[in-house]
$ cat input08.txt   # compact mmCIF, C-alpha atoms
# COMPACT_ATOMS: atom_id res chain seq x y z
CA MET D 427 99.03 146.49 90.20
CA ALA D 428 97.38 143.06 90.18
CA ALA D 429 95.81 141.56 93.29
CA ALA D 430 98.16 139.37 95.36
CA LYS D 431 97.68 135.66 94.70
CA ILE D 432 99.82 134.64 97.69
CA LYS D 433 99.21 136.27 101.07
CA LYS D 434 100.59 136.05 104.58
CA GLY D 435 99.29 132.95 106.35
CA ASP D 436 98.80 130.86 103.20
CA GLN D 437 99.97 127.25 103.09
CA VAL D 438 102.39 126.96 100.16
CA VAL D 439 104.40 124.21 98.43
CA VAL D 440 107.94 124.86 97.16
CA LEU D 441 108.18 124.04 93.44
CA SER D 442 111.94 124.20 92.84
CA GLY D 443 115.31 124.48 94.55
CA LYS D 444 116.88 122.66 97.48
CA ASP D 445 113.60 122.63 99.44
CA LYS D 446 111.46 121.34 96.54
CA GLY D 447 108.30 119.59 97.75
CA ARG D 448 108.39 121.06 101.26
CA THR D 449 105.38 122.94 102.59
CA GLY D 450 105.14 125.84 104.98
CA THR D 451 103.20 128.92 105.99
CA VAL D 452 103.96 132.30 104.45
CA ALA D 453 105.39 134.53 107.18
CA LYS D 454 105.98 137.64 105.07
CA VAL D 455 105.36 138.83 101.51
CA LEU D 456 107.72 141.33 99.84
CA PRO D 457 105.77 142.39 96.71
CA LYS D 458 108.25 145.04 95.52
CA GLU D 459 111.05 142.46 95.40
CA GLY D 460 108.78 139.63 94.25
CA LYS D 461 109.76 137.46 97.22
CA VAL D 462 108.14 135.58 100.10
CA VAL D 463 109.44 134.31 103.45
CA VAL D 464 108.16 130.82 104.28
CA ASP D 465 108.54 129.37 107.82
CA GLY D 466 110.97 126.45 107.94
CA VAL D 467 111.95 126.71 104.27
CA ASN D 468 115.11 128.23 102.72
CA VAL D 469 116.72 128.53 106.17
CA ALA D 470 119.94 130.54 106.23
CA ALA D 471 122.53 129.93 108.96
CA ARG D 472 124.58 132.84 110.25
CA HIS D 473 127.57 132.18 112.51
CA ARG D 474 127.75 134.79 115.29
CA LYS D 475 130.81 135.63 117.34
CA PRO D 476 130.36 135.90 121.09
CA THR D 477 129.57 139.49 122.15
CA GLN D 478 128.69 141.18 125.43
CA THR D 479 124.99 140.99 124.63
CA ASN D 480 125.28 137.37 123.41
CA PRO D 481 128.24 135.82 125.27
CA GLN D 482 127.47 132.33 123.98
CA GLY D 483 127.65 133.19 120.27
CA GLY D 484 126.65 130.30 118.02
CA ILE D 485 124.63 129.78 114.86
CA ASP D 486 121.46 131.79 114.14
CA ARG D 487 119.09 130.07 111.75
CA SER D 488 116.33 132.09 110.09
CA PRO D 489 114.21 131.72 106.95
CA ALA D 490 115.47 133.82 104.04
CA PRO D 491 113.29 135.36 101.31
CA MET D 492 112.76 133.28 98.18
CA ALA D 493 111.27 134.07 94.78
CA ILE D 494 107.48 134.09 94.76
CA SER D 495 107.57 132.14 91.48
CA LYS D 496 109.14 129.18 93.31
CA VAL D 497 106.08 128.62 95.50
CA ALA D 498 102.46 127.71 94.78
CA VAL D 499 99.44 127.77 97.07
CA ALA D 500 98.61 124.34 98.52
CA ASP D 501 95.17 123.07 97.51
CA PRO D 502 92.85 123.06 100.57
CA LYS D 503 91.56 119.60 99.58
CA ASP D 504 94.71 117.54 99.04
CA GLY D 505 97.67 119.83 99.80
CA LYS D 506 99.11 119.64 96.28
CA PRO D 507 100.23 122.82 94.48
CA THR D 508 97.57 124.72 92.56
CA ARG D 509 97.15 127.99 90.73
CA VAL D 510 94.83 130.68 92.09
CA ARG D 511 91.91 132.32 90.33
CA PHE D 512 89.68 135.18 91.50
CA GLU D 513 85.90 134.74 91.40
CA GLU D 514 82.88 136.64 92.62
CA ARG D 515 80.93 134.61 95.19
CA ASP D 516 78.06 136.10 97.19
CA GLY D 517 79.05 139.56 95.93
CA LYS D 518 82.60 139.19 97.28
CA LYS D 519 85.85 138.75 95.36
CA VAL D 520 87.44 135.52 96.66
CA ARG D 521 90.51 133.45 95.81
CA VAL D 522 89.72 130.01 94.40
CA ALA D 523 92.00 127.01 93.86
CA VAL D 524 92.02 126.17 90.15
CA LYS D 525 92.40 122.38 90.68
CA SER D 526 89.55 121.77 93.14
CA GLY D 527 87.43 124.94 92.91
CA GLU D 528 87.60 125.39 96.72
CA THR D 529 87.86 128.88 98.19
CA ILE D 530 91.18 129.75 99.81
CA ASP D 531 90.93 131.34 103.25
CA GLY D 532 93.24 134.21 103.92
$ encode --input "input08.txt" --output "structure tokens"
Amino acid sequence: MAAAKIKKGDQVVVLSGKDKGRTGTVAKVLPKEGKVVVDGVNVAARHRKPTQTNPQGGIDRSPAPMAISKVAVADPKDGKPTRVRFEERDGKKVRVAVKSGETIDG
């Protein structure tokens, strides 16, 4: 299994779909399904009936998983999408933005 290029806490840019161009932070990574959950992006609305525990009912909005191929890591320098490369720096394996060459914290 290859090392994960996108991790929890990364700033990502959506490349395609209804939220194209929006940015957000990765809340959860689902590697077996090849999906990520990004805060504030791909929000699904679920209409809930009033119950005893929730007498008000209403609409629950929560981010839904989306394909990992639809997002790219945001470049630390300018915030534009970039690919990720692994390099050895100071004896440590680190993630590096291909566009700017900056290390990606995470």
$ closest_residue --input "input08.txt" --among "D:Pro457, D:Gly450, D:Pro502, D:Pro481" --to "Arg521 (chain D)" --atoms "all atoms listed in the file"
D:Pro502
$ residues_around --input "input08.txt" --residues "Asp445 (chain D)" --least-positions-apart "5" --cutoff "12 Å" --atoms "all atoms listed in the file" --output "ChimeraX atom specification"
/D:439-440,450,464-469,489,492,496-497
$ closest_residue --input "input08.txt" --among "D:Leu441, D:Val510, D:Ile485, D:Ala493" --to "Val462 (chain D)" --atoms "all atoms listed in the file"
D:Ala493
$ atom_distance --input "input08.txt" --atom1 "CA of Val524 (chain D)" --atom2 "CA of Ala430 (chain D)"
15.5 Å
$ closest_residue --input "input08.txt" --among "D:Leu456, D:Glu528, D:Ser442, D:Phe512" --to "Ala490 (chain D)" --atoms "only C-alpha atoms"
D:Leu456
$ residues_around --input "input08.txt" --residues "Lys433 (chain D)" --least-positions-apart "5" --cutoff "10 Å" --atoms "all atoms listed in the file" --output "ChimeraX atom specification"
/D:438,451-457,462,499,531-532
$ atom_distance --input "input08.txt" --atom1 "CA of Gly505 (chain D)" --atom2 "CA of Gly517 (chain D)"
27.4 Å
$ residues_around --input "input08.txt" --residues "Ala471 (chain D)" --least-positions-apart "5" --cutoff "7 Å" --atoms "only C-alpha atoms" --output "ChimeraX atom specification"
/D:485-488
$ atom_distance --input "input08.txt" --atom1 "CA of Asp504 (chain D)" --atom2 "CA of Lys434 (chain D)"
20.2 Å
$ closest_residue --input "input08.txt" --among "D:Lys525, D:Lys475, D:Gly460, D:Lys444" --to "Pro507 (chain D)" --atoms "only C-alpha atoms"
D:Lys525
$ axis_aligned_box --input "input08.txt" --around "region 456-460 of chain D" --padding-each-side "5 Å" --output "AutoDock Vina command-line options"
--center_x 108.4 --center_y 142.3 --center_z 97.0 --size_x 15.3 --size_y 15.4 --size_z 15.6
$ closest_residue --input "input08.txt" --among "D:Ala470, D:Lys519, D:Ala498, D:Glu513" --to "Thr449 (chain D)" --atoms "only C-alpha atoms"
D:Ala498
$ decode --input "input08.txt" --residues "region 497-532 of chain D" --atoms "N, CA, C and O atoms" --output "PDB file, in the first residue's frame"
ATOM      1  N   VAL D 497     -10.197  15.896  -5.127  1.00  0.00           N
ATOM      2  CA  VAL D 497      -9.551  16.948  -4.340  1.00  0.00           C
ATOM      3  C   VAL D 497      -8.041  16.906  -4.539  1.00  0.00           C
ATOM      4  O   VAL D 497      -7.473  15.861  -4.854  1.00  0.00           O
ATOM      5  N   ALA D 498      -7.415  18.072  -4.386  1.00  0.00           N
ATOM      6  CA  ALA D 498      -5.955  18.181  -4.442  1.00  0.00           C
ATOM      7  C   ALA D 498      -5.501  19.038  -3.268  1.00  0.00           C
ATOM      8  O   ALA D 498      -6.217  19.941  -2.839  1.00  0.00           O
ATOM      9  N   VAL D 499      -4.318  18.758  -2.774  1.00  0.00           N
ATOM     10  CA  VAL D 499      -3.769  19.522  -1.658  1.00  0.00           C
ATOM     11  C   VAL D 499      -3.536  20.955  -2.113  1.00  0.00           C
ATOM     12  O   VAL D 499      -3.069  21.203  -3.223  1.00  0.00           O
ATOM     13  N   ALA D 500      -3.886  21.920  -1.262  1.00  0.00           N
ATOM     14  CA  ALA D 500      -3.660  23.334  -1.564  1.00  0.00           C
ATOM     15  C   ALA D 500      -2.198  23.661  -1.294  1.00  0.00           C
ATOM     16  O   ALA D 500      -1.647  23.300  -0.254  1.00  0.00           O
ATOM     17  N   ASP D 501      -1.570  24.359  -2.243  1.00  0.00           N
ATOM     18  CA  ASP D 501      -0.165  24.752  -2.114  1.00  0.00           C
ATOM     19  C   ASP D 501      -0.016  25.694  -0.919  1.00  0.00           C
ATOM     20  O   ASP D 501      -0.768  26.655  -0.790  1.00  0.00           O
ATOM     21  N   PRO D 502       0.945  25.445  -0.018  1.00  0.00           N
ATOM     22  CA  PRO D 502       1.110  26.314   1.153  1.00  0.00           C
ATOM     23  C   PRO D 502       1.423  27.763   0.780  1.00  0.00           C
ATOM     24  O   PRO D 502       1.139  28.680   1.542  1.00  0.00           O
ATOM     25  N   LYS D 503       2.016  27.988  -0.390  1.00  0.00           N
ATOM     26  CA  LYS D 503       2.400  29.343  -0.798  1.00  0.00           C
ATOM     27  C   LYS D 503       1.224  30.171  -1.302  1.00  0.00           C
ATOM     28  O   LYS D 503       0.986  31.275  -0.838  1.00  0.00           O
ATOM     29  N   ASP D 504       0.476  29.633  -2.274  1.00  0.00           N
ATOM     30  CA  ASP D 504      -0.582  30.437  -2.901  1.00  0.00           C
ATOM     31  C   ASP D 504      -1.987  29.854  -2.794  1.00  0.00           C
ATOM     32  O   ASP D 504      -2.943  30.470  -3.249  1.00  0.00           O
ATOM     33  N   GLY D 505      -2.135  28.665  -2.226  1.00  0.00           N
ATOM     34  CA  GLY D 505      -3.459  28.087  -2.032  1.00  0.00           C
ATOM     35  C   GLY D 505      -4.048  27.416  -3.258  1.00  0.00           C
ATOM     36  O   GLY D 505      -5.181  26.956  -3.235  1.00  0.00           O
ATOM     37  N   LYS D 506      -3.296  27.351  -4.349  1.00  0.00           N
ATOM     38  CA  LYS D 506      -3.779  26.695  -5.565  1.00  0.00           C
ATOM     39  C   LYS D 506      -3.527  25.198  -5.464  1.00  0.00           C
ATOM     40  O   LYS D 506      -2.651  24.757  -4.715  1.00  0.00           O
ATOM     41  N   PRO D 507      -4.284  24.384  -6.218  1.00  0.00           N
ATOM     42  CA  PRO D 507      -4.090  22.930  -6.137  1.00  0.00           C
ATOM     43  C   PRO D 507      -2.711  22.510  -6.648  1.00  0.00           C
ATOM     44  O   PRO D 507      -2.208  23.077  -7.608  1.00  0.00           O
ATOM     45  N   THR D 508      -2.148  21.512  -5.991  1.00  0.00           N
ATOM     46  CA  THR D 508      -0.845  20.984  -6.390  1.00  0.00           C
ATOM     47  C   THR D 508      -0.798  19.484  -6.131  1.00  0.00           C
ATOM     48  O   THR D 508      -1.570  18.958  -5.324  1.00  0.00           O
ATOM     49  N   ARG D 509       0.099  18.815  -6.839  1.00  0.00           N
ATOM     50  CA  ARG D 509       0.336  17.401  -6.565  1.00  0.00           C
ATOM     51  C   ARG D 509       1.330  17.298  -5.406  1.00  0.00           C
ATOM     52  O   ARG D 509       1.965  18.283  -5.041  1.00  0.00           O
ATOM     53  N   VAL D 510       1.452  16.087  -4.864  1.00  0.00           N
ATOM     54  CA  VAL D 510       2.316  15.882  -3.703  1.00  0.00           C
ATOM     55  C   VAL D 510       3.396  14.860  -4.051  1.00  0.00           C
ATOM     56  O   VAL D 510       3.120  13.851  -4.693  1.00  0.00           O
ATOM     57  N   ARG D 511       4.615  15.171  -3.634  1.00  0.00           N
ATOM     58  CA  ARG D 511       5.738  14.271  -3.858  1.00  0.00           C
ATOM     59  C   ARG D 511       6.366  13.986  -2.489  1.00  0.00           C
ATOM     60  O   ARG D 511       6.268  14.802  -1.582  1.00  0.00           O
ATOM     61  N   PHE D 512       7.001  12.840  -2.359  1.00  0.00           N
ATOM     62  CA  PHE D 512       7.710  12.510  -1.120  1.00  0.00           C
ATOM     63  C   PHE D 512       9.204  12.698  -1.334  1.00  0.00           C
ATOM     64  O   PHE D 512       9.749  12.279  -2.354  1.00  0.00           O
ATOM     65  N   GLU D 513       9.853  13.358  -0.392  1.00  0.00           N
ATOM     66  CA  GLU D 513      11.300  13.570  -0.444  1.00  0.00           C
ATOM     67  C   GLU D 513      11.902  13.281   0.917  1.00  0.00           C
ATOM     68  O   GLU D 513      11.204  13.294   1.930  1.00  0.00           O
ATOM     69  N   GLU D 514      13.212  13.060   0.909  1.00  0.00           N
ATOM     70  CA  GLU D 514      13.942  12.839   2.157  1.00  0.00           C
ATOM     71  C   GLU D 514      14.642  14.147   2.504  1.00  0.00           C
ATOM     72  O   GLU D 514      15.500  14.620   1.757  1.00  0.00           O
ATOM     73  N   ARG D 515      14.249  14.751   3.607  1.00  0.00           N
ATOM     74  CA  ARG D 515      14.875  15.991   4.070  1.00  0.00           C
ATOM     75  C   ARG D 515      15.287  15.817   5.526  1.00  0.00           C
ATOM     76  O   ARG D 515      14.469  15.474   6.360  1.00  0.00           O
ATOM     77  N   ASP D 516      16.544  16.073   5.804  1.00  0.00           N
ATOM     78  CA  ASP D 516      17.109  15.901   7.151  1.00  0.00           C
ATOM     79  C   ASP D 516      16.877  14.492   7.680  1.00  0.00           C
ATOM     80  O   ASP D 516      16.560  14.303   8.858  1.00  0.00           O
ATOM     81  N   GLY D 517      16.968  13.493   6.800  1.00  0.00           N
ATOM     82  CA  GLY D 517      16.791  12.100   7.208  1.00  0.00           C
ATOM     83  C   GLY D 517      15.357  11.706   7.481  1.00  0.00           C
ATOM     84  O   GLY D 517      15.095  10.624   7.992  1.00  0.00           O
ATOM     85  N   LYS D 518      14.399  12.585   7.145  1.00  0.00           N
ATOM     86  CA  LYS D 518      12.980  12.283   7.352  1.00  0.00           C
ATOM     87  C   LYS D 518      12.246  12.296   6.019  1.00  0.00           C
ATOM     88  O   LYS D 518      12.561  13.106   5.144  1.00  0.00           O
ATOM     89  N   LYS D 519      11.275  11.414   5.879  1.00  0.00           N
ATOM     90  CA  LYS D 519      10.437  11.383   4.681  1.00  0.00           C
ATOM     91  C   LYS D 519       9.328  12.423   4.864  1.00  0.00           C
ATOM     92  O   LYS D 519       8.550  12.339   5.816  1.00  0.00           O
ATOM     93  N   VAL D 520       9.284  13.430   3.987  1.00  0.00           N
ATOM     94  CA  VAL D 520       8.302  14.507   4.119  1.00  0.00           C
ATOM     95  C   VAL D 520       7.520  14.658   2.820  1.00  0.00           C
ATOM     96  O   VAL D 520       7.986  14.281   1.746  1.00  0.00           O
ATOM     97  N   ARG D 521       6.321  15.221   2.942  1.00  0.00           N
ATOM     98  CA  ARG D 521       5.495  15.519   1.767  1.00  0.00           C
ATOM     99  C   ARG D 521       5.858  16.916   1.268  1.00  0.00           C
ATOM    100  O   ARG D 521       5.976  17.854   2.049  1.00  0.00           O
ATOM    101  N   VAL D 522       6.010  17.023  -0.054  1.00  0.00           N
ATOM    102  CA  VAL D 522       6.435  18.278  -0.670  1.00  0.00           C
ATOM    103  C   VAL D 522       5.455  18.629  -1.777  1.00  0.00           C
ATOM    104  O   VAL D 522       5.041  17.769  -2.557  1.00  0.00           O
ATOM    105  N   ALA D 523       5.074  19.921  -1.859  1.00  0.00           N
ATOM    106  CA  ALA D 523       4.221  20.402  -2.932  1.00  0.00           C
ATOM    107  C   ALA D 523       5.036  20.452  -4.213  1.00  0.00           C
ATOM    108  O   ALA D 523       6.116  21.039  -4.240  1.00  0.00           O
ATOM    109  N   VAL D 524       4.526  19.857  -5.288  1.00  0.00           N
ATOM    110  CA  VAL D 524       5.264  19.793  -6.547  1.00  0.00           C
ATOM    111  C   VAL D 524       5.440  21.193  -7.136  1.00  0.00           C
ATOM    112  O   VAL D 524       6.515  21.531  -7.632  1.00  0.00           O
ATOM    113  N   LYS D 525       4.412  22.046  -7.087  1.00  0.00           N
ATOM    114  CA  LYS D 525       4.479  23.369  -7.710  1.00  0.00           C
ATOM    115  C   LYS D 525       5.530  24.279  -7.074  1.00  0.00           C
ATOM    116  O   LYS D 525       6.327  24.896  -7.775  1.00  0.00           O
ATOM    117  N   SER D 526       5.525  24.387  -5.752  1.00  0.00           N
ATOM    118  CA  SER D 526       6.398  25.359  -5.085  1.00  0.00           C
ATOM    119  C   SER D 526       7.622  24.737  -4.421  1.00  0.00           C
ATOM    120  O   SER D 526       8.573  25.443  -4.099  1.00  0.00           O
ATOM    121  N   GLY D 527       7.582  23.433  -4.162  1.00  0.00           N
ATOM    122  CA  GLY D 527       8.703  22.775  -3.475  1.00  0.00           C
ATOM    123  C   GLY D 527       8.659  22.942  -1.966  1.00  0.00           C
ATOM    124  O   GLY D 527       9.587  22.550  -1.273  1.00  0.00           O
ATOM    125  N   GLU D 528       7.567  23.526  -1.432  1.00  0.00           N
ATOM    126  CA  GLU D 528       7.433  23.732   0.019  1.00  0.00           C
ATOM    127  C   GLU D 528       6.990  22.428   0.682  1.00  0.00           C
ATOM    128  O   GLU D 528       6.234  21.646   0.111  1.00  0.00           O
ATOM    129  N   THR D 529       7.425  22.214   1.918  1.00  0.00           N
ATOM    130  CA  THR D 529       6.979  21.043   2.663  1.00  0.00           C
ATOM    131  C   THR D 529       5.550  21.264   3.145  1.00  0.00           C
ATOM    132  O   THR D 529       5.163  22.387   3.468  1.00  0.00           O
ATOM    133  N   ILE D 530       4.810  20.183   3.178  1.00  0.00           N
ATOM    134  CA  ILE D 530       3.401  20.245   3.619  1.00  0.00           C
ATOM    135  C   ILE D 530       3.339  19.703   5.040  1.00  0.00           C
ATOM    136  O   ILE D 530       3.730  18.560   5.290  1.00  0.00           O
ATOM    137  N   ASP D 531       2.851  20.527   5.965  1.00  0.00           N
ATOM    138  CA  ASP D 531       2.712  20.106   7.350  1.00  0.00           C
ATOM    139  C   ASP D 531       1.544  19.132   7.443  1.00  0.00           C
ATOM    140  O   ASP D 531       0.563  19.269   6.739  1.00  0.00           O
ATOM    141  N   GLY D 532       1.636  18.198   8.365  1.00  0.00           N
ATOM    142  CA  GLY D 532       0.509  17.316   8.523  1.00  0.00           C
ATOM    143  C   GLY D 532       0.789  16.116   9.272  1.00  0.00           C
ATOM    144  O   GLY D 532       1.444  15.384   9.610  1.00  0.00           O
TER     145      GLY D 532
END
